[in-house]
Amino acid sequence: MAIGVFDSGIGGLTALQALVRALPGADIVYLADQANSPYGGRPGEEIVELVREGCERLFDRGCDLVILACNTAAAVTLRRLQQTWLPGYRARVGRPVNVLGLIVPTIEAATGVAWNEELERRDDKIEKLDILGIFSTPATATSRVYDIEIAKRSDAVAVFSEPCATLARQIEAGEDDAALRPVVEAHVATLARRIGRPPDRAILGCTHYEIIANLFRAALPPGTPLIHQPDATAEAIQRYLVRHPEYAAGG
Ligand code: DGL
């Protein structure tokens with residue numbers, strides 16, 4: 001049994017690194033669909049097909065659990081695959097298989113509200129709104145998954161998304177800091193202009209951006225907390241495996 005980790009390219013390696021630390025004995029297979037990378041500007045139906053094929057390849061390789069270490073894939077396809085494809089696929093292969101994403105763990109970390117917890121709506125006035133900036137691919141931003149799911153869990157957090165159209169492709173191509181810095185700075189400035197001030201906290205909502213987290217840190221006001229998606233995901237998977245030992249990988 002192994003855990004599959006999937007991304008369009010190298011971004012998911014940031015999640016892989018955290019997973020290896022959290023699950024030292026686990027067998028993990030990483031699949032980067034670099035032939036079709038980047039996903040972030042593609043139409044939704046194409047992304048669904050590519051992610052489904054990627055999951056099938058990982059299941060064929062002996063994985064029982066696949067982690068979509070790609071916000072774009074998770075935002076656009078996860079619910080759809082879980083509802084319409086996985087049940088039939090499980091019946092066909094005759095074993096339990098599952099696909100999980102990294103957006104749920106990130107939202108749990110951002111709001112402090114567990115996925116199955118009810119939000120307690122407060123009647124008292126919110127003293128200070130927590131402005132959360134999310135940098136992502138255009139497909140993730142268009143899905144509005146962060147906005148919708150965070151709004152369900154916290155009325156004290158306001159989400160502002162900044163789609164970064166070229167960044168994943170540039171990182172995948174190995175462009176250096178000198179080329180990437182002005183792009184990151186421009187996105188941070190655009191977001192701050194739209195909000196009217198810089199965000200209080202930020203999420204790098206594309207796993208590729210974690211590779212250049214230092215550039216985001218430098219462009220944001222000093223000390224702006226970045227919610228660390230790889231660690232949030234690895235911790236959530238650790239908890240999931242305790243609840244679902246049938247997916248524990250290793251050996
Ligand atoms: N690493 C990806 C993400 O988290 C995908 C980037 C892309 O392929 O556009 O969104």
# chains A, B, ... in the order shown; residues from 1 in each chain; ligands from 1
call {"tool": "residues_near_ligand", "arguments": {"ligand": "ligand 1", "cutoff": "8 Å", "atoms": "only C-alpha atoms and all ligand atoms", "output": "compact mmCIF listing (two decimals) with N, CA, C and O atoms, in the first residue's frame"}}
result
# COMPACT_ATOMS: atom_id res chain seq x y z
N ASP A 7 0.46 16.37 -8.49
CA ASP A 7 0.41 17.79 -8.86
C ASP A 7 0.66 17.89 -10.36
O ASP A 7 1.12 16.94 -10.99
N SER A 8 0.36 19.07 -10.90
CA SER A 8 0.67 19.29 -12.31
C SER A 8 2.17 19.33 -12.52
O SER A 8 2.65 19.17 -13.64
N GLY A 9 2.93 19.62 -11.46
CA GLY A 9 4.37 19.74 -11.64
C GLY A 9 5.11 19.62 -10.32
O GLY A 9 4.79 18.76 -9.50
N ILE A 10 6.05 20.56 -10.12
CA ILE A 10 6.95 20.46 -8.96
C ILE A 10 6.36 21.05 -7.68
O ILE A 10 6.92 20.85 -6.61
N GLY A 11 5.25 21.80 -7.79
CA GLY A 11 4.70 22.48 -6.60
C GLY A 11 4.36 21.51 -5.48
O GLY A 11 4.62 21.77 -4.31
N GLY A 12 3.80 20.37 -5.84
CA GLY A 12 3.36 19.40 -4.84
C GLY A 12 4.50 18.80 -4.04
O GLY A 12 4.29 18.18 -3.01
N SER A 37 1.30 20.53 -17.65
CA SER A 37 1.43 21.66 -16.73
C SER A 37 1.60 22.96 -17.54
O SER A 37 2.22 22.93 -18.60
N PRO A 38 1.09 24.09 -17.07
CA PRO A 38 0.30 24.30 -15.87
C PRO A 38 -1.18 24.06 -16.10
O PRO A 38 -1.67 24.14 -17.22
N TYR A 39 -1.87 23.76 -15.01
CA TYR A 39 -3.32 23.50 -15.08
C TYR A 39 -4.14 24.78 -14.93
O TYR A 39 -5.29 24.84 -15.36
N GLY A 40 -3.52 25.77 -14.24
CA GLY A 40 -4.30 26.90 -13.73
C GLY A 40 -5.05 27.76 -14.73
O GLY A 40 -5.97 28.48 -14.34
N GLY A 41 -4.68 27.70 -16.01
CA GLY A 41 -5.39 28.50 -17.00
C GLY A 41 -6.29 27.65 -17.88
O GLY A 41 -6.88 28.13 -18.85
N ALA A 69 -1.99 17.34 -4.30
CA ALA A 69 -1.13 18.39 -3.74
C ALA A 69 -1.10 19.57 -4.71
O ALA A 69 -0.04 20.10 -5.05
N CYS A 70 -2.27 19.93 -5.15
CA CYS A 70 -2.44 20.95 -6.17
C CYS A 70 -3.77 21.63 -5.88
O CYS A 70 -4.82 20.98 -5.92
N ASN A 71 -3.70 22.90 -5.54
CA ASN A 71 -4.95 23.62 -5.21
C ASN A 71 -5.90 23.65 -6.40
O ASN A 71 -7.12 23.52 -6.24
N THR A 72 -5.33 23.83 -7.59
CA THR A 72 -6.16 23.92 -8.78
C THR A 72 -6.95 22.63 -8.97
O THR A 72 -8.17 22.64 -9.18
N ALA A 73 -6.24 21.50 -8.88
CA ALA A 73 -6.88 20.20 -9.04
C ALA A 73 -7.94 20.00 -7.96
O ALA A 73 -9.06 19.56 -8.23
N SER A 136 -3.35 32.60 -5.83
CA SER A 136 -3.63 31.29 -6.43
C SER A 136 -3.60 31.39 -7.94
O SER A 136 -3.41 32.48 -8.50
N THR A 137 -3.83 30.24 -8.58
CA THR A 137 -3.97 30.24 -10.04
C THR A 137 -5.35 30.83 -10.38
O THR A 137 -6.24 30.86 -9.53
N ALA A 139 -7.70 29.45 -12.09
CA ALA A 139 -8.75 28.43 -11.94
C ALA A 139 -9.18 28.31 -10.49
O ALA A 139 -10.38 28.18 -10.19
N THR A 140 -8.24 28.35 -9.56
CA THR A 140 -8.60 28.28 -8.14
C THR A 140 -9.39 29.52 -7.74
O THR A 140 -10.40 29.42 -7.03
N ALA A 168 2.84 30.05 -11.78
CA ALA A 168 3.13 28.61 -11.69
C ALA A 168 3.98 28.18 -12.89
O ALA A 168 4.94 27.41 -12.75
N ARG A 169 3.62 28.69 -14.07
CA ARG A 169 4.39 28.32 -15.27
C ARG A 169 5.85 28.78 -15.14
O ARG A 169 6.78 28.04 -15.45
N GLY A 205 -1.96 29.86 -2.06
CA GLY A 205 -2.95 28.87 -2.45
C GLY A 205 -2.63 28.20 -3.77
O GLY A 205 -3.53 27.86 -4.54
N CYS A 206 -1.36 28.02 -4.02
CA CYS A 206 -0.87 27.22 -5.15
C CYS A 206 0.44 26.64 -4.65
O CYS A 206 1.31 27.37 -4.17
N THR A 207 0.57 25.33 -4.73
CA THR A 207 1.74 24.70 -4.10
C THR A 207 3.06 25.16 -4.74
O THR A 207 4.10 25.14 -4.08
N HIS A 208 3.00 25.59 -6.00
CA HIS A 208 4.22 26.11 -6.61
C HIS A 208 4.73 27.35 -5.85
O HIS A 208 5.93 27.58 -5.77
N TYR A 209 3.82 28.16 -5.32
CA TYR A 209 4.24 29.43 -4.72
C TYR A 209 5.01 29.20 -3.42
O TYR A 209 5.78 30.05 -3.00
call {"tool": "select_by_dssp", "arguments": {"residues": "segment 149-189 of chain A", "states": "strand (DSSP E or B)", "output": "list in words"}}
result
Val157, Ala158, Val159, Phe160, Ser161, Glu162 and Pro163 of chain A
call {"tool": "write_last_selection", "arguments": {"atoms": "N, CA, C and O atoms", "output": "tab-separated table (two decimals), in the first residue's frame"}}
result
chain	number	residue	atom	x	y	z
A	157	VAL	N	-13.55	36.61	9.16
A	157	VAL	CA	-12.47	36.59	8.17
A	157	VAL	C	-13.04	37.05	6.82
A	157	VAL	O	-14.05	36.54	6.36
A	158	ALA	N	-12.37	38.02	6.20
A	158	ALA	CA	-12.77	38.46	4.85
A	158	ALA	C	-11.68	38.00	3.88
A	158	ALA	O	-10.49	38.23	4.12
A	159	VAL	N	-12.10	37.31	2.82
A	159	VAL	CA	-11.14	36.72	1.88
A	159	VAL	C	-11.02	37.59	0.63
A	159	VAL	O	-12.02	37.98	0.03
A	160	PHE	N	-9.78	37.89	0.25
A	160	PHE	CA	-9.52	38.58	-1.01
A	160	PHE	C	-8.56	37.72	-1.82
A	160	PHE	O	-7.47	37.38	-1.33
A	161	SER	N	-8.98	37.34	-3.03
A	161	SER	CA	-8.15	36.44	-3.84
A	161	SER	C	-7.42	37.22	-4.93
A	161	SER	O	-7.99	38.11	-5.55
A	162	GLU	N	-6.20	36.82	-5.16
A	162	GLU	CA	-5.40	37.43	-6.23
A	162	GLU	C	-4.97	36.32	-7.19
A	162	GLU	O	-4.11	35.50	-6.86
A	163	PRO	N	-5.58	36.26	-8.39
A	163	PRO	CA	-5.13	35.25	-9.35
A	163	PRO	C	-3.79	35.66	-9.96
A	163	PRO	O	-3.63	36.81	-10.37
call {"tool": "residues_around", "arguments": {"residues": "Leu226 of chain A", "least_positions_apart": "6", "cutoff": "6 Å", "atoms": "only C-alpha atoms", "output": "VMD selection string"}}
result
chain A and resid 201 to 203
call {"tool": "write_last_selection", "arguments": {"atoms": "C-alpha atoms", "output": "short mmCIF file (atom, residue, chain, number, x, y, z; two decimals), in the first residue's frame"}}
result
data_model
loop_
_atom_site.label_atom_id
_atom_site.label_comp_id
_atom_site.auth_asym_id
_atom_site.auth_seq_id
_atom_site.Cartn_x
_atom_site.Cartn_y
_atom_site.Cartn_z
CA ARG A 201 -2.52 37.10 6.82
CA ALA A 202 -1.97 35.26 3.56
CA ILE A 203 -2.31 31.83 2.02
#
call {"tool": "closest_residue", "arguments": {"among": "A:Ile103, A:Val29, A:Ile131, A:Ala179", "to": "Ile3 of chain A", "atoms": "only C-alpha atoms"}}
result
A:Val29
call {"tool": "atom_distance", "arguments": {"atom1": "atom CA of Phe135 of chain A", "atom2": "atom CA of Val113 of chain A"}}
result
21.3 Å
call {"tool": "select_by_dssp", "arguments": {"residues": "segment 70-216 of chain A", "states": "helix (DSSP H, G or I)", "output": "PyMOL selection string"}}
result
chain A and resi 71-93+103-111+138-143+145-153+167-172+177-195+207-211+213-216
call {"tool": "atom_distance", "arguments": {"atom1": "atom CA of Ile227 of chain A", "atom2": "atom CA of Gly112 of chain A"}}
result
11.5 Å
call {"tool": "residues_around", "arguments": {"residues": "Gly62 of chain A", "least_positions_apart": "4", "cutoff": "12 Å", "atoms": "only C-alpha atoms", "output": "count of residues only"}}
result
19
call {"tool": "closest_residue", "arguments": {"among": "A:Arg194, A:Gly54, A:Glu185, A:Tyr146", "to": "Arg217 of chain A", "atoms": "only C-alpha atoms"}}
result
A:Glu185
call {"tool": "atom_distance", "arguments": {"atom1": "atom CA of Ala234 of chain A", "atom2": "atom CA of Val145 of chain A"}}
result
20.2 Å
call {"tool": "residues_around", "arguments": {"residues": "Phe216 of chain A", "least_positions_apart": "3", "cutoff": "9 Å", "atoms": "only C-alpha atoms", "output": "PyMOL selection string"}}
result
chain A and resi 181+184-185+188+204+209-210+212-213+219-220
call {"tool": "closest_residue", "arguments": {"among": "A:Leu13, A:Val99, A:Ala178, A:Val48", "to": "Leu31 of chain A", "atoms": "only C-alpha atoms"}}
result
A:Leu13
call {"tool": "closest_residue", "arguments": {"among": "A:Ile126, A:Cys164, A:Ile237, A:Leu86", "to": "Ile67 of chain A", "atoms": "only C-alpha atoms"}}
result
A:Ile237
